[in-house]
file work-v3.txt (compact mmCIF, C-alpha atoms and all ligand atoms)
# COMPACT_ATOMS: atom_id res chain seq x y z
CA MET A 323 57.74 46.87 70.08
CA ASN A 324 55.07 46.75 72.72
CA LYS A 325 51.45 46.68 71.70
CA PRO A 326 49.21 49.71 71.82
CA TYR A 327 46.56 50.02 74.49
CA ASN A 328 43.02 49.11 73.54
CA SER A 329 40.85 51.96 72.34
CA ARG A 330 38.36 53.66 74.57
CA ASP A 331 35.30 51.46 74.42
CA TRP A 332 32.63 53.99 73.56
CA MET A 333 29.93 51.50 74.59
CA SER A 334 31.29 51.95 78.12
CA HIS A 335 31.84 55.69 78.28
CA PRO A 336 29.44 58.63 78.08
CA ALA A 337 29.34 60.72 74.92
CA TYR A 338 30.75 64.22 75.29
CA LEU A 339 27.36 65.77 74.64
CA HIS A 340 24.58 64.74 77.00
CA ALA A 341 22.13 67.65 76.87
CA PRO A 342 20.31 66.86 80.15
CA TYR A 343 23.68 67.63 81.82
CA LYS A 344 23.59 71.24 80.74
CA SER A 345 27.26 72.10 81.07
CA THR A 346 28.09 69.59 78.33
CA VAL A 347 26.34 71.71 75.71
CA LEU A 348 29.08 74.34 75.39
CA ARG A 349 31.95 72.15 76.52
CA SER A 350 31.70 69.12 74.25
CA PRO A 351 33.74 68.82 71.06
CA THR A 352 31.40 68.97 68.07
CA LYS A 353 33.74 67.38 65.53
CA PRO A 354 34.51 63.67 65.60
CA LEU A 355 37.68 62.66 67.45
CA ILE A 356 40.56 61.93 65.11
CA PRO A 357 41.86 58.37 65.46
CA LEU A 358 45.45 58.28 66.66
CA LYS A 359 47.86 55.44 66.12
CA GLN A 360 49.58 55.26 69.49
CA THR A 361 53.24 56.20 69.59
CA LEU A 362 55.63 55.99 72.53
CA SER A 363 53.93 59.21 73.73
CA GLU A 364 50.68 57.37 74.41
CA ARG A 365 52.21 54.07 75.54
CA THR A 366 53.97 55.85 78.38
CA GLY A 367 52.73 58.04 81.19
CA PRO A 368 53.54 59.33 84.63
CA VAL A 369 54.55 56.72 87.16
CA TYR A 370 54.03 57.63 90.79
CA GLY A 371 54.69 55.05 93.41
CA HIS A 372 54.74 55.04 97.17
CA GLU A 373 57.22 57.91 97.41
CA LYS A 374 54.42 60.36 96.69
CA VAL A 375 52.01 58.89 99.23
CA GLY A 376 52.03 59.77 102.91
CA VAL A 377 51.04 57.40 105.72
CA LEU A 378 47.66 59.04 106.34
CA ASP A 379 46.83 59.77 102.71
CA ALA A 380 44.49 56.77 102.40
CA ASP A 381 42.70 57.46 105.67
CA LEU A 382 40.29 60.35 105.18
CA THR A 383 38.95 59.89 108.69
CA LYS A 384 42.37 61.01 109.97
CA ASN A 385 44.12 63.11 107.34
CA GLY A 386 41.95 66.17 107.97
CA ALA A 387 41.45 65.75 111.69
CA LYS A 388 42.22 68.80 113.79
CA ASN A 389 40.67 68.27 117.19
CA GLY A 390 38.58 65.14 116.90
CA GLU A 391 36.99 62.68 114.56
CA PRO A 392 34.95 63.63 111.51
CA LEU A 393 31.19 63.25 111.80
CA GLY A 394 29.26 60.74 109.75
CA GLU A 395 29.15 57.09 108.90
CA ARG A 396 32.64 55.54 108.72
CA ILE A 397 33.13 53.37 105.66
CA LEU A 398 35.91 51.33 104.13
CA VAL A 399 36.13 51.46 100.34
CA THR A 400 38.32 48.90 98.66
CA GLY A 401 38.65 47.24 95.31
CA ARG A 402 41.01 46.05 92.63
CA VAL A 403 42.25 47.97 89.65
CA LEU A 404 42.33 45.55 86.75
CA ASP A 405 42.85 45.75 83.01
CA GLU A 406 40.37 44.38 80.51
CA ASP A 407 42.05 40.98 80.59
CA GLY A 408 41.65 40.77 84.35
CA ARG A 409 45.29 41.43 85.17
CA PRO A 410 45.97 43.55 88.25
CA VAL A 411 47.22 47.06 87.59
CA ARG A 412 49.97 47.19 90.19
CA ASN A 413 51.65 50.15 91.81
CA THR A 414 49.33 52.68 90.24
CA LEU A 415 48.14 55.86 91.87
CA VAL A 416 44.49 56.23 92.92
CA GLU A 417 43.37 59.72 93.99
CA VAL A 418 39.97 60.45 95.58
CA TRP A 419 38.01 63.47 96.70
CA GLN A 420 34.51 63.79 98.11
CA ALA A 421 32.00 65.82 100.08
CA ASN A 422 31.65 65.40 103.82
CA ALA A 423 28.76 63.59 105.51
CA ALA A 424 26.58 66.70 105.17
CA GLY A 425 27.14 66.94 101.41
CA ARG A 426 29.55 69.86 101.61
CA TYR A 427 32.88 70.13 99.84
CA ILE A 428 35.73 72.01 101.40
CA HIS A 429 36.17 73.68 97.99
CA LYS A 430 35.99 77.49 98.23
CA VAL A 431 33.27 77.89 95.62
CA ASP A 432 30.95 75.26 97.10
CA GLN A 433 28.15 77.46 98.42
CA HIS A 434 25.87 74.68 99.57
CA ASN A 435 24.31 75.69 102.88
CA ALA A 436 25.46 72.61 104.78
CA PRO A 437 28.09 72.57 107.49
CA LEU A 438 31.77 72.06 106.93
CA ASP A 439 33.37 69.52 109.22
CA PRO A 440 36.51 70.88 110.88
CA ASN A 441 37.86 67.36 111.08
CA PHE A 442 37.24 66.31 107.49
CA PHE A 443 39.21 67.38 104.45
CA GLY A 444 37.91 64.95 101.85
CA GLY A 445 40.96 64.24 99.69
CA GLY A 446 43.20 61.19 99.67
CA ARG A 447 45.38 58.93 97.61
CA CYS A 448 46.99 55.53 97.64
CA VAL A 449 48.95 53.18 95.43
CA THR A 450 47.69 49.74 94.41
CA ASP A 451 49.43 46.64 95.72
CA ASP A 452 50.58 43.54 93.83
CA GLU A 453 46.99 42.37 93.39
CA GLY A 454 45.96 45.79 92.13
CA ARG A 455 44.15 46.46 95.38
CA TYR A 456 43.52 49.87 96.93
CA THR A 457 41.79 50.70 100.22
CA PHE A 458 40.46 53.96 101.61
CA ARG A 459 38.99 54.61 104.99
CA THR A 460 36.56 57.51 104.89
CA ILE A 461 33.13 58.91 105.78
CA LYS A 462 30.12 58.24 103.60
CA PRO A 463 29.63 61.41 101.53
CA GLY A 464 26.27 63.17 101.66
CA ALA A 465 24.12 64.09 98.67
CA TYR A 466 24.27 67.72 97.59
CA PRO A 467 22.16 70.05 95.43
CA TRP A 468 23.48 71.53 92.20
CA GLY A 469 22.22 74.03 89.69
CA ASN A 470 21.61 71.84 86.67
CA HIS A 471 17.83 71.94 86.91
CA TYR A 472 15.10 72.55 89.49
CA ASN A 473 15.64 70.46 92.61
CA ALA A 474 18.71 68.73 91.22
CA TRP A 475 20.68 66.62 93.70
CA ARG A 476 23.83 64.62 93.11
CA PRO A 477 23.68 61.06 94.45
CA ASN A 478 26.25 60.17 97.10
CA HIS A 479 29.54 59.70 95.31
CA ILE A 480 33.30 59.62 95.65
CA HIS A 481 35.43 61.05 92.81
CA PHE A 482 38.23 58.76 91.64
CA SER A 483 41.24 59.61 89.48
CA LEU A 484 43.55 56.87 88.17
CA LEU A 485 46.72 57.09 86.16
CA GLY A 486 47.31 53.48 85.13
CA PRO A 487 50.45 52.58 83.19
CA SER A 488 50.11 55.10 80.35
CA ILE A 489 48.24 58.25 79.44
CA ALA A 490 45.96 56.01 77.37
CA THR A 491 44.73 54.34 80.56
CA ARG A 492 43.99 57.64 82.35
CA LEU A 493 40.56 57.54 83.99
CA VAL A 494 38.55 59.99 86.06
CA THR A 495 35.28 58.57 87.35
CA GLN A 496 32.83 58.59 90.25
CA MET A 497 31.85 55.76 92.56
CA TYR A 498 28.21 55.59 93.63
CA PHE A 499 26.44 53.64 96.37
CA PRO A 500 23.93 50.82 95.90
CA GLY A 501 20.25 51.59 96.22
CA ASP A 502 20.59 55.37 95.94
CA PRO A 503 17.22 56.75 94.76
CA LEU A 504 18.95 59.79 93.25
CA LEU A 505 20.81 57.73 90.66
CA ASP A 506 17.83 57.45 88.33
CA LEU A 507 17.43 61.24 88.42
CA ASP A 508 21.08 62.19 87.92
CA PRO A 509 22.04 63.38 84.43
CA ILE A 510 25.74 62.72 85.07
CA TYR A 511 25.16 59.08 85.97
CA LEU A 512 22.52 58.73 83.26
CA GLY A 513 24.93 60.09 80.62
CA THR A 514 26.66 56.72 80.82
CA PRO A 515 25.43 54.02 78.40
CA GLU A 516 22.78 52.01 80.19
CA GLU A 517 24.58 48.67 80.07
CA ALA A 518 27.69 50.23 81.62
CA ARG A 519 26.08 52.20 84.45
CA GLU A 520 26.09 49.55 87.12
CA ARG A 521 29.89 49.36 86.88
CA LEU A 522 29.89 52.75 88.61
CA ILE A 523 28.01 51.44 91.65
CA SER A 524 29.98 49.96 94.53
CA LYS A 525 28.77 46.83 96.27
CA PHE A 526 28.09 46.62 99.96
CA SER A 527 30.12 43.79 101.46
CA ILE A 528 29.64 42.28 104.88
CA ASP A 529 33.08 40.68 104.49
CA VAL A 530 34.75 44.05 104.12
CA THR A 531 32.59 45.51 106.87
CA GLU A 532 34.54 45.76 110.11
CA PRO A 533 32.65 44.64 113.23
CA ASP A 534 31.80 47.49 115.58
CA PHE A 535 33.61 49.97 113.34
CA SER A 536 32.64 50.63 109.71
CA LEU A 537 30.59 49.41 106.76
CA GLY A 538 32.50 48.06 103.77
CA TYR A 539 32.05 48.73 100.06
CA ILE A 540 33.83 47.15 97.11
CA PHE A 541 34.48 49.11 93.93
CA ASP A 542 36.57 47.39 91.27
CA ILE A 543 37.89 49.53 88.45
CA VAL A 544 38.78 48.32 84.95
CA LEU A 545 41.28 50.27 82.89
CA ARG A 546 42.08 49.72 79.26
CA GLY A 547 44.18 46.67 78.49
CA ARG A 548 46.66 46.25 75.71
CA ASN A 549 45.43 43.36 73.68
CA GLU A 550 47.89 40.76 74.83
CA THR A 551 47.24 37.14 75.65
CA PRO A 552 46.38 36.92 79.36
CA MET A 553 49.11 35.46 81.52
CA GLU A 554 48.46 32.38 83.60
CA ASP A 555 47.99 33.21 87.23
CA MET B 1228 37.80 50.76 65.17
CA PRO B 1229 38.95 49.16 68.42
CA GLU B 1230 40.86 45.95 67.89
CA THR B 1231 39.06 42.90 69.16
CA THR B 1232 40.34 41.55 72.40
CA THR B 1233 42.04 38.19 72.50
CA ALA B 1234 40.76 37.37 75.93
CA THR B 1235 37.99 34.84 76.25
CA ALA B 1236 34.56 35.97 77.35
CA SER B 1237 35.06 34.86 80.91
CA GLU B 1238 38.30 36.82 81.21
CA ALA B 1239 37.28 39.95 79.36
CA LEU B 1240 36.23 42.75 81.65
CA LYS B 1241 34.55 45.93 80.55
CA GLN B 1242 36.09 49.35 80.99
CA THR B 1243 34.87 51.40 83.94
CA PRO B 1244 32.97 54.38 82.53
CA SER B 1245 34.44 57.84 82.72
CA GLN B 1246 32.63 60.56 84.71
CA THR B 1247 33.26 64.27 84.86
CA VAL B 1248 35.96 65.66 87.12
CA GLY B 1249 33.26 68.09 88.30
CA PRO B 1250 33.75 71.57 89.71
CA TYR B 1251 35.42 70.57 92.98
CA PHE B 1252 38.60 68.78 91.92
CA ALA B 1253 40.83 71.62 93.14
CA TYR B 1254 41.55 70.42 96.67
CA GLY B 1255 41.76 66.79 95.62
CA LEU B 1256 44.01 66.95 92.55
CA THR B 1257 45.65 70.40 92.54
CA ALA B 1258 45.68 71.29 96.23
CA GLY B 1259 48.94 73.25 96.36
CA GLN B 1260 48.03 75.47 93.42
CA TYR B 1261 44.68 76.37 94.99
CA GLY B 1262 46.08 76.87 98.47
CA TYR B 1263 44.58 73.85 100.21
CA PRO B 1264 46.50 72.12 103.00
CA HIS B 1265 47.26 68.96 101.05
CA THR B 1266 49.95 68.03 98.59
CA ALA B 1267 49.48 67.29 94.92
CA ILE B 1268 51.47 64.72 92.96
CA ALA B 1269 52.27 67.25 90.26
CA ASP B 1270 51.84 70.93 89.47
CA SER B 1271 52.80 73.52 86.86
CA THR B 1272 56.53 73.23 87.33
CA LEU B 1273 58.15 70.30 85.58
CA THR B 1274 61.76 71.39 85.91
CA ASP B 1275 64.26 71.72 88.70
CA ASN B 1276 67.65 73.45 88.62
CA GLU B 1277 69.32 70.43 87.15
CA THR B 1278 66.87 69.67 84.37
CA GLU B 1279 68.61 69.86 81.01
CA GLY B 1280 67.09 71.58 78.02
CA GLU B 1281 65.59 74.81 76.76
CA ARG B 1282 63.27 76.34 79.36
CA ILE B 1283 59.85 77.23 78.00
CA ARG B 1284 56.45 78.14 79.37
CA VAL B 1285 53.35 76.69 77.73
CA GLU B 1286 50.20 78.61 78.52
CA GLY B 1287 46.70 79.09 77.23
CA ILE B 1288 43.03 79.50 77.92
CA VAL B 1289 40.31 76.89 77.47
CA TYR B 1290 37.31 78.45 75.71
CA ASP B 1291 33.78 77.10 75.70
CA GLY B 1292 31.36 77.24 72.78
CA ASN B 1293 30.43 80.84 73.59
CA GLY B 1294 34.07 81.88 73.50
CA ASP B 1295 34.14 82.36 77.28
CA PRO B 1296 37.17 81.15 79.27
CA ILE B 1297 36.50 78.01 81.30
CA ASN B 1298 37.59 78.70 84.86
CA ASP B 1299 37.19 75.19 86.23
CA ALA B 1300 39.12 73.07 83.76
CA MET B 1301 42.12 70.97 84.67
CA ILE B 1302 44.93 70.39 82.20
CA GLU B 1303 47.52 67.65 82.38
CA ILE B 1304 50.60 67.35 80.21
CA TRP B 1305 52.94 64.45 79.55
CA GLN B 1306 56.08 64.90 77.53
CA ALA B 1307 59.53 63.66 76.67
CA ASP B 1308 62.66 65.40 77.95
CA ALA B 1309 64.85 67.65 75.82
CA GLU B 1310 66.39 64.58 74.22
CA GLY B 1311 63.07 62.96 73.40
CA ARG B 1312 63.12 60.39 76.21
CA PHE B 1313 60.15 59.51 78.39
CA ASN B 1314 60.60 58.84 82.08
CA HIS B 1315 58.81 55.49 81.89
CA PRO B 1316 59.92 51.84 81.87
CA GLU B 1317 58.69 51.37 78.32
CA ASP B 1318 61.23 53.89 77.07
CA THR B 1319 64.37 51.76 77.26
CA ARG B 1320 66.87 54.52 76.58
CA ARG B 1321 69.04 55.75 79.42
CA PRO B 1322 66.97 56.98 82.30
CA ASN B 1323 66.17 60.57 82.42
CA ALA B 1324 66.99 62.17 85.71
CA HIS B 1325 65.53 65.44 86.96
CA PHE B 1326 62.56 65.35 84.65
CA GLU B 1327 59.38 63.38 85.22
CA GLY B 1328 57.55 65.00 82.33
CA PHE B 1329 54.14 65.25 83.96
CA GLY B 1330 52.30 68.44 84.88
CA ARG B 1331 48.88 69.35 86.17
CA CYS B 1332 47.26 72.79 86.35
CA GLY B 1333 43.76 74.07 87.02
CA THR B 1334 42.41 77.17 85.29
CA GLY B 1335 40.87 78.69 88.42
CA THR B 1336 43.78 80.56 90.01
CA ASP B 1337 45.04 82.81 87.19
CA PRO B 1338 43.20 86.14 86.75
CA GLU B 1339 42.75 85.38 83.04
CA ASN B 1340 41.93 81.73 83.72
CA ARG B 1341 45.06 80.57 81.96
CA PHE B 1342 46.78 77.26 82.57
CA TRP B 1343 50.56 77.35 82.46
CA PHE B 1344 53.47 74.94 82.59
CA ASP B 1345 57.12 75.73 83.15
CA THR B 1346 58.96 72.97 81.39
CA VAL B 1347 61.58 72.21 78.75
CA LYS B 1348 61.01 71.95 75.06
CA PRO B 1349 60.81 68.23 74.35
CA GLY B 1350 62.97 66.52 71.78
CA ALA B 1351 61.44 64.32 69.11
CA ALA B 1352 60.85 60.87 70.61
CA ASP B 1353 61.45 59.00 67.38
CA VAL B 1354 62.76 59.50 63.88
CA GLY B 1355 60.12 61.20 61.75
CA GLU B 1356 58.13 62.48 64.71
CA ALA B 1357 57.87 66.16 65.55
CA PRO B 1358 58.45 67.32 69.12
CA HIS B 1359 55.16 67.63 70.94
CA ILE B 1360 53.52 67.67 74.34
CA ASN B 1361 50.55 65.42 75.08
CA MET B 1362 47.74 67.32 76.70
CA ILE B 1363 44.61 66.07 78.47
CA VAL B 1364 41.64 68.34 79.15
CA PHE B 1365 39.24 67.72 82.04
CA ALA B 1366 36.39 69.97 83.14
CA ARG B 1367 33.00 70.17 84.70
CA GLY B 1368 30.67 69.49 81.79
CA MET B 1369 33.10 67.02 80.22
CA LEU B 1370 31.93 63.51 80.95
CA VAL B 1371 35.05 62.18 79.28
CA HIS B 1372 38.50 63.79 79.16
CA ALA B 1373 39.86 64.91 75.80
CA TYR B 1374 43.34 64.26 74.39
CA THR B 1375 45.17 66.76 72.25
CA ARG B 1376 48.79 67.49 71.32
CA VAL B 1377 50.82 70.68 71.44
CA TYR B 1378 53.22 71.13 68.52
CA PHE B 1379 55.65 74.05 68.16
CA ALA B 1380 55.38 76.77 65.53
CA ASP B 1381 59.16 76.95 65.06
CA GLU B 1382 59.24 73.27 64.03
CA ALA B 1383 57.30 73.71 60.81
CA GLU B 1384 59.34 71.22 58.83
CA ALA B 1385 59.13 68.48 61.45
CA ASN B 1386 55.45 69.19 61.98
CA ALA B 1387 54.73 68.75 58.28
CA ALA B 1388 56.41 65.32 58.34
CA ASP B 1389 54.83 64.10 61.60
CA PRO B 1390 52.49 61.15 60.98
CA VAL B 1391 49.95 62.21 63.61
CA MET B 1392 49.89 65.76 62.24
CA GLN B 1393 49.44 64.31 58.76
CA SER B 1394 46.40 62.38 59.93
CA VAL B 1395 44.69 65.69 60.72
CA PRO B 1396 42.88 67.54 57.92
CA GLN B 1397 45.13 70.34 56.68
CA GLU B 1398 42.70 73.11 57.62
CA ARG B 1399 42.57 72.00 61.27
CA ARG B 1400 46.31 71.46 61.88
CA HIS B 1401 46.87 75.00 63.09
CA THR B 1402 44.79 74.24 66.19
CA LEU B 1403 47.61 71.95 67.36
CA VAL B 1404 50.43 74.46 66.91
CA ALA B 1405 51.58 76.73 69.74
CA GLU B 1406 52.91 80.15 68.75
CA ARG B 1407 56.31 81.10 70.13
CA ARG B 1408 57.01 84.46 71.67
CA GLU B 1409 59.99 85.85 73.58
CA THR B 1410 59.08 87.75 76.73
CA PRO B 1411 61.16 89.43 79.46
CA THR B 1412 60.68 86.32 81.59
CA GLY B 1413 61.48 83.80 78.88
CA THR B 1414 60.07 81.89 75.96
CA VAL B 1415 56.32 81.40 75.98
CA TYR B 1416 54.35 79.09 73.72
CA ARG B 1417 50.71 80.05 73.53
CA PHE B 1418 48.23 77.20 73.14
CA ASP B 1419 44.58 78.12 73.49
CA ILE B 1420 42.01 75.35 73.45
CA HIS B 1421 38.64 75.85 71.81
CA MET B 1422 36.11 73.21 72.77
CA GLN B 1423 33.85 74.28 69.90
CA GLY B 1424 33.59 76.83 67.09
CA ASP B 1425 35.45 77.61 63.88
CA ASP B 1426 38.81 76.94 65.50
CA GLU B 1427 37.69 73.91 67.47
CA THR B 1428 40.82 72.20 68.73
CA VAL B 1429 41.59 68.81 67.29
CA PHE B 1430 40.98 66.10 69.88
CA PHE B 1431 42.23 62.57 69.35
CA ASP B 1432 40.70 59.19 70.01
CA VAL B 1433 43.81 57.93 71.80
FE FE C 1 31.00 65.71 93.39

call {"tool": "encode", "arguments": {"input": "work-v3.txt", "output": "structure tokens"}}
result
Amino acid sequence: MNKPYNSRDWMSHPAYLHAPYKSTVLRSPTKPLIPLKQTLSERTGPVYGHEKVGVLDADLTKNGAKNGEPLGERILVTGRVLDEDGRPVRNTLVEVWQANAAGRYIHKVDQHNAPLDPNFFGGGRCVTDDEGRYTFRTIKPGAYPWGNHYNAWRPNHIHFSLLGPSIATRLVTQMYFPGDPLLDLDPIYLGTPEEARERLISKFSIDVTEPDFSLGYIFDIVLRGRNETPMED
Amino acid sequence: MPETTTATASEALKQTPSQTVGPYFAYGLTAGQYGYPHTAIADSTLTDNETEGERIRVEGIVYDGNGDPINDAMIEIWQADAEGRFNHPEDTRRPNAHFEGFGRCGTGTDPENRFWFDTVKPGAADVGEAPHINMIVFARGMLVHAYTRVYFADEAEANAADPVMQSVPQERRHTLVAERRETPTGTVYRFDIHMQGDDETVFFDV
């Protein structure tokens, strides 16, 4: 019998209710979660490997191009998906979506008065390699206003969705950029426990930066482990 | 209580915090359903012509604390096949062809803001367990996703014996049970989700 996955560490995750983020008020469960002893249902989950990923899926500078290159600052975003014991999470799907350089989503209900980019779609996916590494090539997303409160602006961010090896490891998160002055004003970011917040901020890396081409950012992601003794590397 | 990790301090890493899926997931995660020119890894249809088992539709509405339908939620399901087997390496029984068991549906394309899944009724995965579908709820305004389970009204006896069901206070168990109804297009199980209120759905700390 394999071991269960570690619980969600509630010192690392936001609470459901974070009143400054107004939409949480009517959408957060009010009763305590009921502890669940994991069965095979929770120790398994969807497994999608390379067969679901196209050649351009990880290159957002190309996968939406129609008649040219997207506008904005080219960036490379890479990192490792690890479990809590530092083991790579291999062959797991990473999905991303983001606004364009002007802060506009291609989504039909995004009414922000900023231009769409005919050569930028903003969605991509890839599968981690044997070291748990993923890499996306994209355009740095712009900040955008939202209706939460007067003069509310989301910091630059890329949405990430990860499956991991089981439904217990499922994670949807957002990657932010270092030094963004909007972070300290953003109720979504600030809903995260203070000691955990900086894990959401990518690091600029001159090593990942490609000369004459694009800046590089590193964003490592830690999914729940399963309480086993770490293997020797 | 979470079990303590066996890793040493230098090896132990901390979980990356969850953030909301936000209002704009549609073209990233459910592109086909919403008509965007991009593929999605999964959608509302879990079966193909060769999938074995009883065809069912599971559908419902996600309600907020005012009782209004949420039109920008995303629901994922994960389930065993008709014989109770999961398509995953940790399930060591014979592999289960023609059924991956994973579905994903947003609530923004149906006129009533329903989610729906065309699937098969799962078998019980283990002795003593009732058949069920694992469901995960994401939405704008949810900083963390929520796990629930869909049980079937016509499995009352198995439901009563199911250890997870038994861990739920009696008066809340009905929130986990989908009602069965026969329609001209097939069998439909109705499973509405109430984020709050008298019938607040049971969510699990998985
Ligand atoms: Fe966003």

call {"tool": "residues_near_ligand", "arguments": {"input": "work-v3.txt", "ligand": "ligand FE 1 (chain C)", "cutoff": "7 Å", "atoms": "all atoms listed in the file", "output": "NGL selection string"}}
result
(:A and (420-421 or 479-481)) or (:B and (1249 or 1251))

call {"tool": "write_last_selection", "arguments": {"input": "work-v3.txt", "atoms": "C-alpha atoms", "output": "PDB file, keeping the file's coordinate frame"}}
result
ATOM      1  CA  GLN A 420      34.510  63.790  98.110  1.00  0.00           C
ATOM      2  CA  ALA A 421      32.000  65.820 100.080  1.00  0.00           C
ATOM      3  CA  HIS A 479      29.540  59.700  95.310  1.00  0.00           C
ATOM      4  CA  ILE A 480      33.300  59.620  95.650  1.00  0.00           C
ATOM      5  CA  HIS A 481      35.430  61.050  92.810  1.00  0.00           C
TER       6      HIS A 481
ATOM      7  CA  GLY B1249      33.260  68.090  88.300  1.00  0.00           C
ATOM      8  CA  TYR B1251      35.420  70.570  92.980  1.00  0.00           C
TER       9      TYR B1251
END

call {"tool": "closest_residue", "arguments": {"input": "work-v3.txt", "among": "B:Val1404, B:Ala1269, B:Leu1370, B:Ile1297", "to": "chain A", "atoms": "all atoms listed in the file"}}
result
B:Leu1370

call {"tool": "closest_atom_pairs", "arguments": {"input": "work-v3.txt", "of": "chain B", "to": "chain A", "cutoff": "7 Å", "atoms": "only C-alpha atoms", "output": "JSON lines"}}
result
{"residue": "B:Pro1229", "atom": "CA", "partner": "A:Ser329", "partner_atom": "CA", "distance": 5.2}
{"residue": "B:Glu1230", "atom": "CA", "partner": "A:Asn328", "partner_atom": "CA", "distance": 6.8}
{"residue": "B:Thr1232", "atom": "CA", "partner": "A:Asn549", "partner_atom": "CA", "distance": 5.6}
{"residue": "B:Thr1233", "atom": "CA", "partner": "A:Thr551", "partner_atom": "CA", "distance": 6.2}
{"residue": "B:Ala1234", "atom": "CA", "partner": "A:Asp407", "partner_atom": "CA", "distance": 6.0}
{"residue": "B:Glu1238", "atom": "CA", "partner": "A:Asp407", "partner_atom": "CA", "distance": 5.6}
{"residue": "B:Ala1239", "atom": "CA", "partner": "A:Asp407", "partner_atom": "CA", "distance": 5.0}
{"residue": "B:Leu1240", "atom": "CA", "partner": "A:Glu406", "partner_atom": "CA", "distance": 4.6}
{"residue": "B:Lys1241", "atom": "CA", "partner": "A:Glu406", "partner_atom": "CA", "distance": 6.0}
{"residue": "B:Gln1242", "atom": "CA", "partner": "A:Val544", "partner_atom": "CA", "distance": 4.9}
{"residue": "B:Thr1243", "atom": "CA", "partner": "A:Val544", "partner_atom": "CA", "distance": 5.1}
{"residue": "B:Pro1244", "atom": "CA", "partner": "A:His335", "partner_atom": "CA", "distance": 4.6}
{"residue": "B:Ser1245", "atom": "CA", "partner": "A:Thr495", "partner_atom": "CA", "distance": 4.8}
{"residue": "B:Gln1246", "atom": "CA", "partner": "A:Thr495", "partner_atom": "CA", "distance": 4.2}
{"residue": "B:Thr1247", "atom": "CA", "partner": "A:Thr495", "partner_atom": "CA", "distance": 6.5}
{"residue": "B:Val1248", "atom": "CA", "partner": "A:Val494", "partner_atom": "CA", "distance": 6.3}
{"residue": "B:Tyr1251", "atom": "CA", "partner": "A:His429", "partner_atom": "CA", "distance": 5.9}
{"residue": "B:Tyr1254", "atom": "CA", "partner": "A:His429", "partner_atom": "CA", "distance": 6.4}
{"residue": "B:Gly1255", "atom": "CA", "partner": "A:Gly445", "partner_atom": "CA", "distance": 4.9}
{"residue": "B:Ile1268", "atom": "CA", "partner": "A:Lys374", "partner_atom": "CA", "distance": 6.5}
{"residue": "B:Asp1291", "atom": "CA", "partner": "A:Arg349", "partner_atom": "CA", "distance": 5.3}
{"residue": "B:Gly1292", "atom": "CA", "partner": "A:Leu348", "partner_atom": "CA", "distance": 4.5}
{"residue": "B:Asn1293", "atom": "CA", "partner": "A:Leu348", "partner_atom": "CA", "distance": 6.9}
{"residue": "B:Trp1305", "atom": "CA", "partner": "A:Gly367", "partner_atom": "CA", "distance": 6.6}
{"residue": "B:His1315", "atom": "CA", "partner": "A:Thr366", "partner_atom": "CA", "distance": 6.0}
{"residue": "B:Glu1317", "atom": "CA", "partner": "A:Thr366", "partner_atom": "CA", "distance": 6.5}
{"residue": "B:Phe1329", "atom": "CA", "partner": "A:Pro368", "partner_atom": "CA", "distance": 6.0}
{"residue": "B:Gly1368", "atom": "CA", "partner": "A:Thr346", "partner_atom": "CA", "distance": 4.3}
{"residue": "B:Met1369", "atom": "CA", "partner": "A:Thr346", "partner_atom": "CA", "distance": 5.9}
{"residue": "B:Leu1370", "atom": "CA", "partner": "A:Tyr338", "partner_atom": "CA", "distance": 5.8}
{"residue": "B:Val1371", "atom": "CA", "partner": "A:Tyr338", "partner_atom": "CA", "distance": 6.2}
{"residue": "B:Val1391", "atom": "CA", "partner": "A:Leu358", "partner_atom": "CA", "distance": 6.7}
{"residue": "B:Met1422", "atom": "CA", "partner": "A:Pro351", "partner_atom": "CA", "distance": 5.3}
{"residue": "B:Gln1423", "atom": "CA", "partner": "A:Pro351", "partner_atom": "CA", "distance": 5.6}
{"residue": "B:Phe1430", "atom": "CA", "partner": "A:Leu355", "partner_atom": "CA", "distance": 5.4}
{"residue": "B:Phe1431", "atom": "CA", "partner": "A:Ile356", "partner_atom": "CA", "distance": 4.6}
{"residue": "B:Asp1432", "atom": "CA", "partner": "A:Pro357", "partner_atom": "CA", "distance": 4.8}
{"residue": "B:Val1433", "atom": "CA", "partner": "A:Leu358", "partner_atom": "CA", "distance": 5.4}

call {"tool": "atom_distance", "arguments": {"input": "work-v3.txt", "atom1": "CA of Ile1360 (chain B)", "atom2": "CA of Gly1424 (chain B)"}}
result
23.1 Å

call {"tool": "closest_residue", "arguments": {"input": "work-v3.txt", "among": "B:Leu1403, B:Ala1388, B:Ala1309, B:Ala1366", "to": "Gly1333 (chain B)", "atoms": "only C-alpha atoms"}}
result
B:Ala1366

call {"tool": "atom_distance", "arguments": {"input": "work-v3.txt", "atom1": "CA of Lys462 (chain A)", "atom2": "CA of Arg396 (chain A)"}}
result
6.3 Å

call {"tool": "residues_around", "arguments": {"input": "work-v3.txt", "residues": "Glu1286 (chain B)", "least_positions_apart": "4", "cutoff": "10 Å", "atoms": "all atoms listed in the file", "output": "PyMOL selection string"}}
result
chain B and resi 1341-1345+1405+1415-1419

call {"tool": "write_last_selection", "arguments": {"input": "work-v3.txt", "atoms": "C-alpha atoms", "output": "mmCIF file, in the frame of the given file"}}
result
data_model
loop_
_atom_site.group_PDB
_atom_site.id
_atom_site.type_symbol
_atom_site.label_atom_id
_atom_site.label_comp_id
_atom_site.auth_asym_id
_atom_site.auth_seq_id
_atom_site.Cartn_x
_atom_site.Cartn_y
_atom_site.Cartn_z
ATOM 1 C CA ARG B 1341 45.060 80.570 81.960
ATOM 2 C CA PHE B 1342 46.780 77.260 82.570
ATOM 3 C CA TRP B 1343 50.560 77.350 82.460
ATOM 4 C CA PHE B 1344 53.470 74.940 82.590
ATOM 5 C CA ASP B 1345 57.120 75.730 83.150
ATOM 6 C CA ALA B 1405 51.580 76.730 69.740
ATOM 7 C CA VAL B 1415 56.320 81.400 75.980
ATOM 8 C CA TYR B 1416 54.350 79.090 73.720
ATOM 9 C CA ARG B 1417 50.710 80.050 73.530
ATOM 10 C CA PHE B 1418 48.230 77.200 73.140
ATOM 11 C CA ASP B 1419 44.580 78.120 73.490
#
